[in-house]
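Asker: Structure supplied as target.tsv; contents: TSV, C-alpha atoms.
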```tsv
chain	number	residue	atom	x	y	z
A	30	MET	CA	6.08	-17.72	-22.01
A	31	LYS	CA	9.58	-17.14	-20.65
A	32	ASN	CA	12.01	-20.06	-20.47
A	33	ARG	CA	12.47	-21.13	-16.87
A	34	ILE	CA	15.81	-22.04	-15.36
A	35	HIS	CA	15.25	-24.82	-12.85
A	36	THR	CA	18.05	-24.44	-10.34
A	37	PRO	CA	18.01	-27.07	-7.56
A	38	SER	CA	17.08	-25.41	-4.30
A	39	THR	CA	16.12	-26.57	-0.84
A	40	GLY	CA	15.20	-23.07	0.26
A	41	HIS	CA	11.90	-21.26	0.03
A	42	VAL	CA	10.72	-17.65	-0.28
A	43	THR	CA	7.50	-16.29	1.21
A	44	LEU	CA	6.21	-12.86	0.29
A	45	VAL	CA	4.48	-11.66	3.45
A	46	GLY	CA	2.14	-8.69	3.80
A	47	ALA	CA	2.86	-6.87	7.06
A	48	GLY	CA	-0.33	-4.82	6.81
A	49	PRO	CA	-0.68	-1.04	7.06
A	50	GLY	CA	1.44	-0.59	10.20
A	51	ASP	CA	-0.57	-1.53	13.28
A	52	PRO	CA	1.06	-4.76	14.57
A	53	GLU	CA	-2.32	-6.07	15.73
A	54	LEU	CA	-3.53	-6.13	12.11
A	55	LEU	CA	-0.91	-8.75	11.22
A	56	THR	CA	-2.50	-12.07	10.23
A	57	LEU	CA	-1.71	-15.25	12.15
A	58	LYS	CA	-0.30	-16.83	9.00
A	59	ALA	CA	2.02	-13.86	8.48
A	60	LEU	CA	3.17	-14.02	12.10
A	61	LYS	CA	4.00	-17.71	11.76
A	62	ALA	CA	6.00	-17.09	8.59
A	63	ILE	CA	7.98	-14.28	10.23
A	64	GLN	CA	8.78	-16.41	13.26
A	65	GLN	CA	10.01	-19.31	11.12
A	66	ALA	CA	12.16	-17.26	8.73
A	67	THR	CA	15.93	-17.59	8.77
A	68	VAL	CA	16.35	-14.52	6.53
A	69	LEU	CA	14.01	-11.49	6.45
A	70	LEU	CA	14.18	-8.81	3.77
A	71	VAL	CA	12.25	-5.90	5.29
A	72	ASP	CA	10.72	-2.88	3.55
A	73	ASP	CA	10.96	0.61	5.07
A	74	LEU	CA	7.27	0.94	5.93
A	75	VAL	CA	7.17	-2.24	8.04
A	76	ASN	CA	6.67	-1.46	11.74
A	77	ASP	CA	9.64	-2.39	13.95
A	78	ALA	CA	7.18	-4.04	16.34
A	79	ILE	CA	6.39	-6.54	13.58
A	80	VAL	CA	10.04	-7.24	12.83
A	81	ALA	CA	10.51	-7.91	16.55
A	82	HIS	CA	8.56	-11.17	16.10
A	83	ALA	CA	11.45	-12.64	14.11
A	84	ASN	CA	13.63	-15.38	15.52
A	85	PRO	CA	16.65	-13.76	17.27
A	86	ALA	CA	18.91	-15.97	15.17
A	87	ALA	CA	17.40	-14.78	11.88
A	88	ARG	CA	19.37	-12.53	9.53
A	89	ILE	CA	17.46	-9.27	9.02
A	90	VAL	CA	18.21	-7.15	5.95
A	91	HIS	CA	16.48	-3.78	5.54
A	92	VAL	CA	15.81	-3.11	1.87
A	93	GLY	CA	14.31	0.35	1.88
A	94	LYS	CA	11.88	1.27	-0.88
A	95	ARG	CA	10.01	4.58	-0.47
A	96	GLY	CA	8.90	7.08	-3.06
A	97	GLY	CA	11.10	10.16	-3.18
A	98	CYS	CA	13.82	8.53	-1.06
A	99	LYS	CA	16.95	6.58	-1.82
A	100	SER	CA	15.80	3.02	-2.44
A	101	THR	CA	17.39	-0.40	-2.65
A	102	PRO	CA	17.40	-1.45	-6.32
A	103	GLN	CA	14.74	-4.04	-7.11
A	104	SER	CA	17.27	-6.17	-8.99
A	105	PHE	CA	19.47	-6.34	-5.88
A	106	ILE	CA	16.52	-7.48	-3.72
A	107	GLU	CA	15.63	-10.18	-6.23
A	108	ARG	CA	19.24	-11.44	-6.30
A	109	LEU	CA	19.30	-11.57	-2.50
A	110	MET	CA	16.15	-13.69	-2.43
A	111	VAL	CA	17.41	-16.13	-5.04
A	112	THR	CA	20.87	-16.47	-3.47
A	113	ALA	CA	19.52	-17.02	0.04
A	114	ALA	CA	16.97	-19.59	-1.13
A	115	GLN	CA	19.61	-21.46	-3.14
A	116	GLU	CA	21.67	-21.61	0.06
A	117	GLY	CA	18.75	-23.37	1.74
A	118	GLU	CA	17.40	-20.44	3.74
A	119	ASN	CA	13.75	-19.90	4.65
A	120	VAL	CA	13.39	-16.39	3.25
A	121	VAL	CA	10.60	-13.94	4.09
A	122	ARG	CA	10.20	-10.86	1.94
A	123	LEU	CA	8.32	-8.63	4.39
A	124	LYS	CA	6.29	-5.89	2.72
A	125	GLY	CA	4.03	-3.15	3.99
A	126	GLY	CA	0.35	-3.69	3.19
A	127	ASP	CA	-0.29	-6.54	0.76
A	128	PRO	CA	2.44	-7.95	-1.51
A	129	PHE	CA	0.17	-7.98	-4.55
A	130	ILE	CA	-1.24	-4.44	-4.25
A	131	PHE	CA	1.44	-2.02	-5.55
A	132	GLY	CA	4.09	-4.07	-3.78
A	133	ARG	CA	5.87	-5.45	-6.87
A	134	GLY	CA	5.03	-8.91	-5.60
A	135	GLY	CA	4.04	-10.10	-9.06
A	136	GLU	CA	7.46	-9.21	-10.46
A	137	GLU	CA	9.19	-10.98	-7.59
A	138	VAL	CA	7.14	-14.17	-7.96
A	139	GLU	CA	7.96	-14.27	-11.69
A	140	HIS	CA	11.67	-13.80	-11.02
A	141	LEU	CA	11.77	-16.46	-8.31
A	142	GLU	CA	9.84	-19.01	-10.36
A	143	GLU	CA	12.14	-18.45	-13.35
A	144	ALA	CA	15.08	-19.24	-11.04
A	145	GLY	CA	13.40	-22.44	-9.87
A	146	ILE	CA	12.76	-21.14	-6.35
A	147	ARG	CA	9.74	-22.31	-4.39
A	148	VAL	CA	7.63	-19.29	-3.49
A	149	SER	CA	4.36	-18.60	-1.69
A	150	VAL	CA	2.43	-15.48	-0.72
A	151	VAL	CA	0.71	-14.42	2.51
A	152	ASN	CA	-1.77	-11.58	2.11
A	153	GLY	CA	-1.80	-8.51	4.32
A	154	ILE	CA	-4.36	-5.78	4.94
A	155	THR	CA	-3.69	-3.11	2.35
A	156	ALA	CA	-3.36	0.52	3.44
A	157	GLY	CA	-6.26	1.66	1.27
A	158	LEU	CA	-8.67	-0.55	3.18
A	159	ALA	CA	-7.23	0.20	6.61
A	160	ALA	CA	-7.19	3.95	5.95
A	161	VAL	CA	-10.86	4.35	5.17
A	162	THR	CA	-11.90	1.79	7.79
A	163	SER	CA	-10.12	3.87	10.44
A	164	LEU	CA	-12.68	6.59	9.67
A	165	ASN	CA	-15.57	4.12	10.09
A	166	VAL	CA	-16.32	4.53	6.40
A	167	PRO	CA	-16.85	1.61	3.98
A	168	LEU	CA	-15.27	1.40	0.56
A	169	THR	CA	-18.55	0.14	-0.87
A	170	HIS	CA	-22.11	0.95	0.16
A	171	ARG	CA	-25.40	0.00	-1.49
A	172	GLU	CA	-26.50	3.63	-1.55
A	173	HIS	CA	-23.22	5.29	-2.51
A	174	ALA	CA	-20.71	2.96	-4.20
A	175	HIS	CA	-21.14	-0.21	-6.24
A	176	GLY	CA	-17.43	-0.93	-6.43
A	177	VAL	CA	-13.93	0.26	-5.62
A	178	VAL	CA	-10.81	0.93	-7.69
A	179	PHE	CA	-7.28	0.76	-6.27
A	180	VAL	CA	-4.99	2.89	-8.40
A	181	THR	CA	-1.46	4.25	-8.14
A	182	GLY	CA	-0.82	7.96	-8.38
A	183	HIS	CA	2.85	7.41	-9.20
A	184	ALA	CA	3.77	6.13	-12.65
A	185	LYS	CA	7.06	4.35	-13.32
A	186	PRO	CA	9.60	6.21	-15.48
A	187	GLY	CA	8.56	6.22	-19.13
A	188	ASP	CA	4.95	5.34	-18.35
A	189	SER	CA	2.22	7.88	-19.12
A	190	GLY	CA	0.42	6.90	-15.91
A	191	THR	CA	-3.28	6.80	-15.12
A	192	ASP	CA	-5.81	8.45	-17.43
A	193	TRP	CA	-7.49	10.45	-14.66
A	194	PRO	CA	-10.29	11.98	-16.79
A	195	ALA	CA	-11.27	8.53	-18.09
A	196	LEU	CA	-11.16	7.05	-14.59
A	197	ALA	CA	-13.26	9.92	-13.25
A	198	GLY	CA	-15.89	9.33	-15.91
A	199	ALA	CA	-16.02	5.61	-15.10
A	200	ALA	CA	-16.26	6.34	-11.36
A	201	ARG	CA	-19.17	8.71	-11.93
A	202	GLN	CA	-21.07	6.37	-14.24
A	203	ALA	CA	-20.47	3.17	-12.25
A	204	LYS	CA	-20.60	4.73	-8.74
A	205	LEU	CA	-17.07	3.71	-7.76
A	206	THR	CA	-14.90	4.68	-4.82
A	207	LEU	CA	-11.35	5.59	-5.87
A	208	VAL	CA	-8.45	4.67	-3.59
A	209	ILE	CA	-5.26	6.35	-4.75
A	210	TYR	CA	-1.88	5.17	-3.46
A	211	MET	CA	1.28	7.30	-3.69
A	212	GLY	CA	-0.71	10.27	-4.91
A	213	VAL	CA	0.26	13.14	-2.61
A	214	SER	CA	3.20	14.39	-4.67
A	215	GLY	CA	1.06	14.42	-7.81
A	216	ALA	CA	-2.14	15.61	-6.16
A	217	SER	CA	-2.41	18.73	-8.30
A	218	ASP	CA	-2.41	16.74	-11.56
A	219	ILE	CA	-4.69	14.09	-10.10
A	220	GLN	CA	-7.15	16.74	-8.97
A	221	ALA	CA	-7.15	18.46	-12.35
A	222	GLY	CA	-7.72	15.16	-14.16
A	223	LEU	CA	-10.50	13.93	-11.88
A	224	LEU	CA	-12.31	17.27	-12.11
A	225	GLN	CA	-12.84	16.56	-15.81
A	226	GLY	CA	-15.23	13.78	-14.89
A	227	LEU	CA	-16.28	14.34	-11.28
A	228	ALA	CA	-17.95	17.30	-9.60
A	229	ALA	CA	-15.81	19.69	-7.56
A	230	GLU	CA	-18.09	18.89	-4.57
A	231	THR	CA	-17.13	15.19	-4.61
A	232	PRO	CA	-15.95	14.19	-1.10
A	233	VAL	CA	-12.28	13.30	-0.59
A	234	ALA	CA	-10.26	12.06	2.38
A	235	VAL	CA	-6.47	12.08	2.69
A	236	ILE	CA	-5.18	9.67	5.34
A	237	GLN	CA	-1.52	9.71	6.39
A	238	ASN	CA	0.13	6.84	8.34
A	239	ALA	CA	-3.04	4.75	8.29
A	240	SER	CA	-3.68	2.59	11.40
A	241	LEU	CA	-0.77	4.03	13.40
A	242	PRO	CA	-1.08	6.13	16.60
A	243	HIS	CA	0.20	9.19	14.72
A	244	GLN	CA	-2.34	8.83	11.90
A	245	ARG	CA	-3.60	12.16	10.56
A	246	HIS	CA	-6.36	12.80	8.06
A	247	ALA	CA	-8.39	15.54	6.49
A	248	VAL	CA	-11.70	15.50	4.66
A	249	CYS	CA	-12.46	18.00	1.92
A	250	THR	CA	-13.95	18.31	-1.56
A	251	LEU	CA	-12.20	17.32	-4.75
A	252	GLY	CA	-12.04	20.98	-5.72
A	253	ASP	CA	-10.08	21.74	-2.54
A	254	LEU	CA	-7.81	18.67	-2.55
A	255	GLN	CA	-4.42	20.21	-3.33
A	256	ALA	CA	-5.06	23.24	-1.12
A	257	THR	CA	-6.02	20.98	1.80
A	258	ILE	CA	-2.90	18.82	1.45
A	259	ALA	CA	-0.71	21.91	1.42
A	260	ARG	CA	-2.52	23.64	4.28
A	261	GLU	CA	-2.51	20.62	6.58
A	262	GLY	CA	1.02	19.50	5.69
A	263	LEU	CA	-0.07	15.99	4.74
A	264	ALA	CA	2.71	13.92	3.22
A	265	SER	CA	3.72	10.42	2.22
A	266	PRO	CA	2.79	7.73	3.13
A	267	SER	CA	-0.80	8.78	2.50
A	268	VAL	CA	-3.85	7.37	0.78
A	269	ILE	CA	-6.35	9.55	-1.07
A	270	VAL	CA	-9.95	8.29	-1.10
A	271	VAL	CA	-12.49	9.82	-3.47
A	272	GLY	CA	-16.21	9.12	-3.51
A	273	ASP	CA	-19.68	9.52	-2.08
A	274	VAL	CA	-19.04	6.99	0.71
A	275	LEU	CA	-17.39	9.95	2.46
A	276	ARG	CA	-20.34	12.32	2.12
A	277	GLY	CA	-21.41	11.93	5.75
A	278	MET	CA	-17.94	12.89	6.95
A	279	LEU	CA	-17.74	15.87	4.64
A	280	ALA	CA	-20.76	17.43	6.34
A	281	VAL	CA	-18.97	17.58	9.69
A	282	ALA	CA	-15.30	17.86	8.65
A	283	GLN	CA	-13.12	20.55	10.16
A	284	PRO	CA	-9.46	21.39	9.45
A	285	LEU	CA	-6.78	19.49	11.35
A	286	SER	CA	-4.91	21.11	14.20
A	287	THR	CA	-1.29	20.36	14.99
A	288	SER	CA	-2.31	18.20	17.95
A	289	ASP	CA	-4.82	16.05	16.03
A	290	THR	CA	-4.01	12.43	15.29
A	291	ARG	CA	-6.97	10.43	14.06
A	292	GLN	CA	-9.64	13.12	14.36
A	293	ALA	CA	-10.36	15.75	11.75
A	294	TRP	CA	-13.63	17.03	13.10
```
Please go through the file and, once you have read it, give me the structure as structure tokens.
Answerer:
Amino acid sequence: MKNRIHTPSTGHVTLVGAGPGDPELLTLKALKAIQQATVLLVDDLVNDAIVAHANPAARIVHVGKRGGCKSTPQSFIERLMVTAAQEGENVVRLKGGDPFIFGRGGEEVEHLEEAGIRVSVVNGITAGLAAVTSLNVPLTHREHAHGVVFVTGHAKPGDSGTDWPALAGAARQAKLTLVIYMGVSGASDIQAGLLQGLAAETPVAVIQNASLPHQRHAVCTLGDLQATIAREGLASPSVIVVGDVLRGMLAVAQPLSTSDTRQAW
């Protein structure tokens, strides 16, 4: 266990999940935390309509973190949280989705606790859940899926990343739905790996900007995943969902048109 440095502090940090984007999906507890914050550190994917709930006197700092874009260093964000809390501020670290699902919330809690900062977490609806729910499709179903796996499609530098063939084999044997975050840029490799354990006819959905008015999605087979992403111009932020829970949609799916938002059929 790491040695902890207990620095006296009257401040507090709350990691708050802002949800997938739709302001109406914000929890009441998250709303209360945002309204009471004196300092908000806001991620890029947080809807401005959510930030608008902050106290007008609060200090708002945008700490952009998006794949493929220039990002605020994580070490800088952690220093900001510690410094503000030590100055007695009520700090909210406002994150898209849920802080503990690919949001680096675990790292931030560890860092804050080592600095002797009081910290708490408010869950948010994660994009993987909101994305598939927007299609009226469940992540689990007694007939089609006995479980669900949330997995990142983007490995950190120096990490070999997900073993897609092994995951595909487990998904087939255990009847699991796969929800892949940050996978669009690596869709070709993901597709190739999953095809080593799943049939090419396995249904797939790609949902971009889940829960927002400009949401777009396409439904296809695993064998046509990369071609569909390229043809429809789907980009980040998107979630890729793989599994038989989508089989009913696959039967009626049609390509997107440029005017489509939430409909792909």
Asker: Could you state the separation of CA of Pro242 in chain A and CA of Ala81 in chain A in Å, given to one decimal place?
Answerer: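 Going from CA of Pro242 in chain A over to CA of Ala81 in chain A, I get 18.2 Å.
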Asker: Using only C-alpha atoms, collect all residues at a distance of at most 9 Å from (-6.0, -4.6, 2.6) as written in the file, then present them as a list in words.
Answerer: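 Checked against the point, the hits come out as Gly48, Pro49, Gly126, Asp127, Ile130, Asn152, Gly153, Ile154, Thr155, Ala156, Gly157, Leu158 and Ala159 of chain A.
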Asker: Would you pick out the contacts of Val177 in chain A at 9 Å or less, using all atoms listed in the file, so that residues sharing its chain but fewer than 2 positions from it are not included, and give the list as a ChimeraX atom specification?
Answerer: /A:168-169,174-175,179,200,204-208
Asker: Residues near Asp51 in chain A, anyone? I mean within 8 Å using all atoms listed in the file, not counting same-chain ones fewer than 4 positions away, as a list in words.
Answerer: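 Once the nearby chain positions are removed, what remains is Leu55, Asn76, Ser240 and Leu241 of chain A.
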Asker: Ranking A:Thr231, A:Gln65, A:Thr191, A:Ser214 by minimum distance to Val42 in chain A and counting all atoms listed in the file, which one comes first?
Answerer: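 Between A:Thr231, A:Gln65, A:Thr191, A:Ser214, the residue approaching Val42 in chain A most closely is A:Gln65.
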Asker: Quick check, in Å to one decimal: how far apart do CA of Ala66 in chain A and CA of Ala86 in chain A lie?
Answerer: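 Calculated distance between CA of Ala66 in chain A and CA of Ala86 in chain A is 9.4 Å.
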Asker: Take CA of Pro52 in chain A and CA of Gly272 in chain A and report the distance between them in Å, one decimal.
Answerer: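 Those two atoms sit 28.6 Å apart.
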Asker: With distances taken over only C-alpha atoms, which residue among A:Val75, A:Val80, A:Leu44, A:Ile89 lies nearest Glu137 in chain A?
Answerer: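 Between A:Val75, A:Val80, A:Leu44, A:Ile89, the residue approaching Glu137 in chain A most closely is A:Leu44.
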Asker: Once 4 Å is added on each side, what are the centre and the three edge lengths, in Å to one decimal, of the axis-aligned box enclosing the listed atoms of range 220-226 of chain A? Present them as AutoDock Vina command-line options.
Answerer:
```
--center_x -11.2 --center_y 16.1 --center_z -12.4 --size_x 16.1 --size_y 12.7 --size_z 14.8
```
Asker: Can you list, as a list in words, every protein, DNA or RNA residue that comes within 9 Å of Asn238 in chain A when you count all atoms listed in the file, leaving out same-chain residues fewer than 4 positions away?
Answerer: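 Listed by chain and then number, they are Pro49, Gly50, Ala156, Ala160, Pro242, His243, Gln244, Arg245, His246, Ser265, Pro266, Ser267 and Val268 of chain A.
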Asker: Using all atoms listed in the file, can you tell me which of A:Glu172, A:Asp77, A:Asp72, A:Asp188 comes closest to Gly132 in chain A?
Answerer: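 Using all atoms listed in the file, the shortest distance to Gly132 in chain A belongs to A:Asp72.
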Asker: Let me make sure I understand: among A:Leu109, A:Ala203, A:Ile79, A:Val92, which one has the smallest atom-to-atom distance to Gln64 in chain A if we use only C-alpha atoms?
Answerer: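 Of the candidates, the smallest distance to Gln64 in chain A is held by A:Ile79.
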Asker: Using all atoms listed in the file, which protein or nucleic acid residues come within 9 Å of Ala229 in chain A? Drop anything in the same chain fewer than 3 positions from it, and give the result as an MDAnalysis selection string.
Answerer: chainID A and resid 223:224 232 250:253
Asker: Please provide the set of residues having any atom within 12 Å of Arg133 in chain A, restricted to only C-alpha atoms, with same-chain residues fewer than 2 positions apart removed, written as a list in words.
Answerer: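 Near neighbours after the sequence-gap exclusion: Leu44, Gly46, Asp72, Lys94, Gln103, Ser104, Ile106, Glu107, Arg122, Leu123, Lys124, Gly125, Gly126, Asp127, Pro128, Phe129, Ile130, Phe131, Gly135, Glu136, Glu137, Val138, Glu139, His140 and Lys185 of chain A.
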Asker: Using the selection just defined, write its residues with C-alpha atoms as an mmCIF file, keeping the file's coordinate frame.
Answerer:
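Okay, result.cif is ready:
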```cif
data_model
loop_
_atom_site.group_PDB
_atom_site.id
_atom_site.type_symbol
_atom_site.label_atom_id
_atom_site.label_comp_id
_atom_site.auth_asym_id
_atom_site.auth_seq_id
_atom_site.Cartn_x
_atom_site.Cartn_y
_atom_site.Cartn_z
ATOM 1 C CA LEU A 44 6.210 -12.860 0.290
ATOM 2 C CA GLY A 46 2.140 -8.690 3.800
ATOM 3 C CA ASP A 72 10.720 -2.880 3.550
ATOM 4 C CA LYS A 94 11.880 1.270 -0.880
ATOM 5 C CA GLN A 103 14.740 -4.040 -7.110
ATOM 6 C CA SER A 104 17.270 -6.170 -8.990
ATOM 7 C CA ILE A 106 16.520 -7.480 -3.720
ATOM 8 C CA GLU A 107 15.630 -10.180 -6.230
ATOM 9 C CA ARG A 122 10.200 -10.860 1.940
ATOM 10 C CA LEU A 123 8.320 -8.630 4.390
ATOM 11 C CA LYS A 124 6.290 -5.890 2.720
ATOM 12 C CA GLY A 125 4.030 -3.150 3.990
ATOM 13 C CA GLY A 126 0.350 -3.690 3.190
ATOM 14 C CA ASP A 127 -0.290 -6.540 0.760
ATOM 15 C CA PRO A 128 2.440 -7.950 -1.510
ATOM 16 C CA PHE A 129 0.170 -7.980 -4.550
ATOM 17 C CA ILE A 130 -1.240 -4.440 -4.250
ATOM 18 C CA PHE A 131 1.440 -2.020 -5.550
ATOM 19 C CA GLY A 135 4.040 -10.100 -9.060
ATOM 20 C CA GLU A 136 7.460 -9.210 -10.460
ATOM 21 C CA GLU A 137 9.190 -10.980 -7.590
ATOM 22 C CA VAL A 138 7.140 -14.170 -7.960
ATOM 23 C CA GLU A 139 7.960 -14.270 -11.690
ATOM 24 C CA HIS A 140 11.670 -13.800 -11.020
ATOM 25 C CA LYS A 185 7.060 4.350 -13.320
#
```
